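Q: What follows is a structure written as structure tokens; I'll ask about it next.
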Amino acid sequence: MTPQAVPRTQRAIVHSRYGAARDVLALSGAFPVHAPGAQQVQVQIRAAAVNPIDWQMIEGNRRLITRRRFPFTPLFDLAGVVTAVGDEVTSFRVGDRVHADNEIDAGGASEYVNVREDLLAPVPAGLAFTEAAAIPLAAQTALTCLDRGRVGPGTRVAVIGASGGVGHFAVQMAHAAGAFVAGVAGARNREFVHQMGADVVIDRHRTDLLSSFGADSFDVVIDCVGGREQWTGARQILRPGGRFVTIARDEDGVVTPASAARLLSTITARRLRGAGARGRKYHPVFLKASGALLRRVNERVEAGQVRVHLSGSFPLTLEGVRAAIEESRAGRTTGKLVLRR
């Protein structure tokens, strides 16, 4: 297919400094469009999605880990159409429908963005761009959790935060793998989590896993919420040799040298405590996104084992991005929040 005519500048929502999204995001009418590098693919954005990491990065909570160079265009999850490819790209061509978690570079809030070839995957057939944009970060994280937990047929799995972005994917994937799945969520999301494939749903406001199932009753606990109490509770319900897999930390907020040191100390202590065949294992998950991992997710989507639940859809405008971020920040989202062009 003949390369499309791409403008030199574009409209993009730009992050200029750290702070609240309503204060530091602005619309630029002349943000530069760069030709893709040798191993990059240029994508025209058709949809994007919001994840907690987006507003955490905008507010500067993770600046100790990843410092941004301003101006910056946010939103990691994106889906769109290939408009140009680098000289060394072999897997994609102009016109392909693709999606990705664009890791450090983000760019979902722009019209065009360059993505490394090894981060991209083709959009599953029949999937809308909004659904495709909702998949990459959360679903890759969920599948990584299942890998770390060694979830398979007959595994007894508890998913804490089962109705959220990562949680609703984890429930579906565990169910498809043949596991027994107990989901922990609020009462209003009980039916939703059942529909995702949970065998049992625990109302987190009324009871807990220990009261419902007793000690030593699970092989794997996947924690999508965080807080020290999740690990403390999991140690009681995990069988000897069981795995606690978490995508969250004991404490939220700004990462400081002191909190980073505490996190490292905590991970080390918990891993040491779980040493030996009968120890309860502690597995923190830090996603390493890739096109290969995303293709594994897409195989499950195409097989009908995983579907995307969209909690809300917003226009891909400055006000739309601000509104989606505020809704994500409120912490009551079921499934995913997306933005459409």
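Residues in the structure tokens are numbered from 1 in each chain, the chains being A, B, ... in the order shown, and ligands are numbered from 1 in the order shown.
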I'd like to know which residues of range 76-283 of chain A are strand (DSSP E or B) (by DSSP, run on the backbone); could you write them as number ranges by chain?

A: A: 77-85, 97-101, 112-116, 121-122, 156-160, 180-185, 200-203, 218-223, 238-246, 281-283

Q: Generate a file of the selected residues that holds N, CA and C atoms, formatted as a short mmCIF file (atom, residue, chain, number, x, y, z; two decimals), in the first residue's frame.

A:
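The result, written out as result.cif:
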```cif
data_model
loop_
_atom_site.label_atom_id
_atom_site.label_comp_id
_atom_site.auth_asym_id
_atom_site.auth_seq_id
_atom_site.Cartn_x
_atom_site.Cartn_y
_atom_site.Cartn_z
N ASP A 77 -1.60 3.29 26.34
CA ASP A 77 -2.39 2.36 25.53
C ASP A 77 -2.95 3.06 24.29
N LEU A 78 -2.77 2.46 23.13
CA LEU A 78 -3.24 3.09 21.90
C LEU A 78 -3.58 2.04 20.85
N ALA A 79 -4.40 2.45 19.90
CA ALA A 79 -4.74 1.61 18.75
C ALA A 79 -4.94 2.51 17.55
N GLY A 80 -4.58 2.02 16.38
CA GLY A 80 -4.73 2.83 15.19
C GLY A 80 -4.27 2.13 13.94
N VAL A 81 -3.93 2.92 12.93
CA VAL A 81 -3.58 2.41 11.60
C VAL A 81 -2.15 2.83 11.26
N VAL A 82 -1.38 1.90 10.71
CA VAL A 82 0.00 2.18 10.32
C VAL A 82 0.02 3.13 9.13
N THR A 83 0.78 4.23 9.26
CA THR A 83 0.91 5.20 8.17
C THR A 83 2.31 5.24 7.56
N ALA A 84 3.30 4.67 8.26
CA ALA A 84 4.67 4.60 7.73
C ALA A 84 5.45 3.60 8.57
N VAL A 85 6.48 3.03 7.98
CA VAL A 85 7.32 2.07 8.71
C VAL A 85 8.79 2.41 8.49
N ARG A 97 -3.97 -2.53 10.96
CA ARG A 97 -4.60 -2.11 12.22
C ARG A 97 -3.79 -2.69 13.38
N VAL A 98 -3.29 -1.85 14.27
CA VAL A 98 -2.36 -2.29 15.31
C VAL A 98 -2.74 -1.68 16.66
N HIS A 99 -2.18 -2.27 17.72
CA HIS A 99 -2.32 -1.68 19.06
C HIS A 99 -1.09 -2.01 19.88
N ALA A 100 -0.90 -1.27 20.98
CA ALA A 100 0.30 -1.44 21.79
C ALA A 100 0.18 -0.70 23.11
N ASP A 101 0.96 -1.14 24.07
CA ASP A 101 1.32 -0.34 25.24
C ASP A 101 2.65 0.29 24.87
N TYR A 112 -0.61 11.22 15.69
CA TYR A 112 0.38 10.29 15.15
C TYR A 112 1.45 10.05 16.21
N VAL A 113 1.92 8.81 16.28
CA VAL A 113 2.99 8.50 17.21
C VAL A 113 3.83 7.36 16.65
N ASN A 114 5.10 7.36 16.97
CA ASN A 114 5.99 6.28 16.55
C ASN A 114 6.10 5.24 17.67
N VAL A 115 6.00 3.97 17.31
CA VAL A 115 6.03 2.87 18.27
C VAL A 115 7.07 1.86 17.81
N ARG A 116 7.87 1.36 18.73
CA ARG A 116 8.82 0.31 18.38
C ARG A 116 8.10 -0.92 17.82
N ALA A 121 1.24 -5.25 18.05
CA ALA A 121 0.60 -6.48 17.59
C ALA A 121 -0.59 -6.09 16.72
N PRO A 122 -0.96 -6.95 15.77
CA PRO A 122 -2.16 -6.68 14.97
C PRO A 122 -3.41 -6.71 15.84
N ARG A 156 -6.38 -23.27 42.21
CA ARG A 156 -7.35 -22.46 42.95
C ARG A 156 -6.78 -21.05 43.07
N VAL A 157 -7.49 -20.09 42.45
CA VAL A 157 -7.00 -18.72 42.33
C VAL A 157 -7.97 -17.75 42.97
N ALA A 158 -7.45 -16.81 43.75
CA ALA A 158 -8.24 -15.69 44.25
C ALA A 158 -7.73 -14.42 43.59
N VAL A 159 -8.64 -13.62 43.03
CA VAL A 159 -8.28 -12.35 42.39
C VAL A 159 -8.86 -11.22 43.23
N ILE A 160 -7.99 -10.42 43.83
CA ILE A 160 -8.41 -9.28 44.64
C ILE A 160 -8.45 -8.04 43.75
N PHE A 180 -10.11 -22.79 39.29
CA PHE A 180 -11.23 -22.35 40.13
C PHE A 180 -10.91 -20.92 40.52
N VAL A 181 -11.86 -20.00 40.29
CA VAL A 181 -11.59 -18.58 40.50
C VAL A 181 -12.56 -17.99 41.51
N ALA A 182 -11.98 -17.40 42.55
CA ALA A 182 -12.75 -16.61 43.51
C ALA A 182 -12.38 -15.14 43.29
N GLY A 183 -13.37 -14.32 42.99
CA GLY A 183 -13.12 -12.90 42.78
C GLY A 183 -13.54 -12.08 43.98
N VAL A 184 -12.73 -11.10 44.35
CA VAL A 184 -13.04 -10.20 45.45
C VAL A 184 -13.35 -8.83 44.86
N ALA A 185 -14.54 -8.31 45.15
CA ALA A 185 -14.98 -7.03 44.60
C ALA A 185 -16.10 -6.48 45.47
N VAL A 200 -16.92 -17.97 42.33
CA VAL A 200 -17.45 -17.38 43.55
C VAL A 200 -17.02 -15.92 43.60
N VAL A 201 -17.90 -15.04 44.06
CA VAL A 201 -17.53 -13.63 44.25
C VAL A 201 -17.72 -13.27 45.71
N ILE A 202 -16.66 -12.70 46.30
CA ILE A 202 -16.67 -12.30 47.70
C ILE A 202 -16.88 -10.79 47.79
N ASP A 203 -17.88 -10.38 48.54
CA ASP A 203 -18.13 -8.95 48.77
C ASP A 203 -17.11 -8.45 49.78
N PHE A 218 -6.02 -21.78 48.88
CA PHE A 218 -5.72 -21.32 47.53
C PHE A 218 -4.27 -21.59 47.15
N ASP A 219 -4.07 -21.81 45.85
CA ASP A 219 -2.72 -21.98 45.31
C ASP A 219 -2.10 -20.64 44.93
N VAL A 220 -2.96 -19.73 44.48
CA VAL A 220 -2.48 -18.44 43.97
C VAL A 220 -3.43 -17.33 44.42
N VAL A 221 -2.85 -16.20 44.85
CA VAL A 221 -3.61 -14.98 45.07
C VAL A 221 -3.04 -13.91 44.15
N ILE A 222 -3.90 -13.33 43.31
CA ILE A 222 -3.49 -12.23 42.44
C ILE A 222 -4.06 -10.94 43.02
N ASP A 223 -3.18 -10.05 43.43
CA ASP A 223 -3.58 -8.81 44.10
C ASP A 223 -3.50 -7.64 43.14
N LEU A 238 -3.21 -19.00 51.56
CA LEU A 238 -2.38 -19.74 50.62
C LEU A 238 -1.93 -21.07 51.20
N ARG A 239 -1.95 -22.07 50.38
CA ARG A 239 -1.41 -23.36 50.77
C ARG A 239 0.12 -23.28 50.85
N PRO A 240 0.76 -24.20 51.57
CA PRO A 240 2.23 -24.22 51.56
C PRO A 240 2.75 -24.28 50.13
N GLY A 241 3.68 -23.40 49.81
CA GLY A 241 4.21 -23.32 48.45
C GLY A 241 3.37 -22.46 47.53
N GLY A 242 2.29 -21.85 48.05
CA GLY A 242 1.42 -21.02 47.24
C GLY A 242 2.08 -19.73 46.81
N ARG A 243 1.49 -19.05 45.81
CA ARG A 243 2.09 -17.86 45.21
C ARG A 243 1.20 -16.63 45.38
N PHE A 244 1.78 -15.58 45.93
CA PHE A 244 1.11 -14.28 46.02
C PHE A 244 1.70 -13.41 44.93
N VAL A 245 0.86 -13.02 43.96
CA VAL A 245 1.31 -12.24 42.81
C VAL A 245 0.63 -10.88 42.89
N THR A 246 1.42 -9.81 42.95
CA THR A 246 0.83 -8.48 43.15
C THR A 246 1.33 -7.48 42.12
N LYS A 281 5.16 -17.86 48.46
CA LYS A 281 6.03 -17.08 47.58
C LYS A 281 5.45 -15.69 47.30
N TYR A 282 6.33 -14.72 47.25
CA TYR A 282 5.93 -13.33 46.99
C TYR A 282 6.48 -12.92 45.63
N HIS A 283 5.57 -12.58 44.71
CA HIS A 283 5.95 -12.24 43.33
C HIS A 283 5.41 -10.87 42.93
#
```

Q: Using DSSP on the backbone coordinates, identify the residues of range 127-245 of chain A assigned to alpha helix (DSSP H); present them as a VMD selection string.

A: chain A and resid 129 to 134 136 to 149 165 to 176 190 to 196 209 to 213 228 to 237

Q: Report, in Å to a single decimal, how far apart CA of Arg322 in chain A and CA of Cys224 in chain A are.

A: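 Separation of CA of Cys224 in chain A and CA of Arg322 in chain A: 23.9 Å.
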
Q: To one decimal in Å, tell me the separation between CA of Leu318 in chain A and CA of Tyr18 in chain A.

A: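 That distance, rounded to one decimal, is 16.6 Å.
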
Q: Rank A:Gln172, A:Ser328, A:Thr90, A:Thr268 by their smallest atom-to-atom distance to Leu146 in chain A, using only C-alpha atoms, and report the top residue only.

A: A:Gln172

Q: Rounded to one decimal in Å, what is the spacing between CA of Gly233 in chain A and CA of Ser217 in chain A?

A: 12.0 Å

Q: Write out as number ranges by chain each polymer residue whose atoms come within 10 Å of Gly253 in chain A, counting only C-alpha atoms; drop sequence neighbours fewer than 2 positions from it.

A: A: 56, 59-62, 249, 251, 255-256, 259

Q: For those residues, write N, CA and C atoms to a file as an mmCIF file, in the first residue's frame.

A:
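That gives us out.cif:
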```cif
data_model
loop_
_atom_site.group_PDB
_atom_site.id
_atom_site.type_symbol
_atom_site.label_atom_id
_atom_site.label_comp_id
_atom_site.auth_asym_id
_atom_site.auth_seq_id
_atom_site.Cartn_x
_atom_site.Cartn_y
_atom_site.Cartn_z
ATOM 1 N N GLN A 56 -0.640 8.853 37.400
ATOM 2 C CA GLN A 56 0.476 8.830 38.343
ATOM 3 C C GLN A 56 1.711 9.480 37.730
ATOM 4 N N GLU A 59 1.104 13.374 37.377
ATOM 5 C CA GLU A 59 1.239 14.068 38.654
ATOM 6 C C GLU A 59 2.667 14.048 39.197
ATOM 7 N N GLY A 60 3.520 13.221 38.598
ATOM 8 C CA GLY A 60 4.911 13.157 39.037
ATOM 9 C C GLY A 60 5.177 12.144 40.126
ATOM 10 N N ASN A 61 4.197 11.277 40.394
ATOM 11 C CA ASN A 61 4.370 10.290 41.461
ATOM 12 C C ASN A 61 5.475 9.291 41.161
ATOM 13 N N ARG A 62 5.799 9.107 39.888
ATOM 14 C CA ARG A 62 6.817 8.123 39.504
ATOM 15 C C ARG A 62 8.068 8.779 38.926
ATOM 16 N N ARG A 249 1.630 -1.839 45.372
ATOM 17 C CA ARG A 249 2.562 -1.666 46.487
ATOM 18 C C ARG A 249 1.787 -1.533 47.800
ATOM 19 N N GLU A 251 2.136 0.928 49.839
ATOM 20 C CA GLU A 251 1.779 2.340 50.005
ATOM 21 C C GLU A 251 1.744 3.017 48.646
ATOM 22 N N VAL A 255 6.586 8.288 44.759
ATOM 23 C CA VAL A 255 7.747 7.439 45.039
ATOM 24 C C VAL A 255 8.912 8.338 45.417
ATOM 25 N N THR A 256 9.388 8.186 46.644
ATOM 26 C CA THR A 256 10.528 8.951 47.152
ATOM 27 C C THR A 256 11.685 7.986 47.386
ATOM 28 N N SER A 259 10.600 5.776 50.251
ATOM 29 C CA SER A 259 9.579 4.765 49.949
ATOM 30 C C SER A 259 10.129 3.691 49.022
#
```
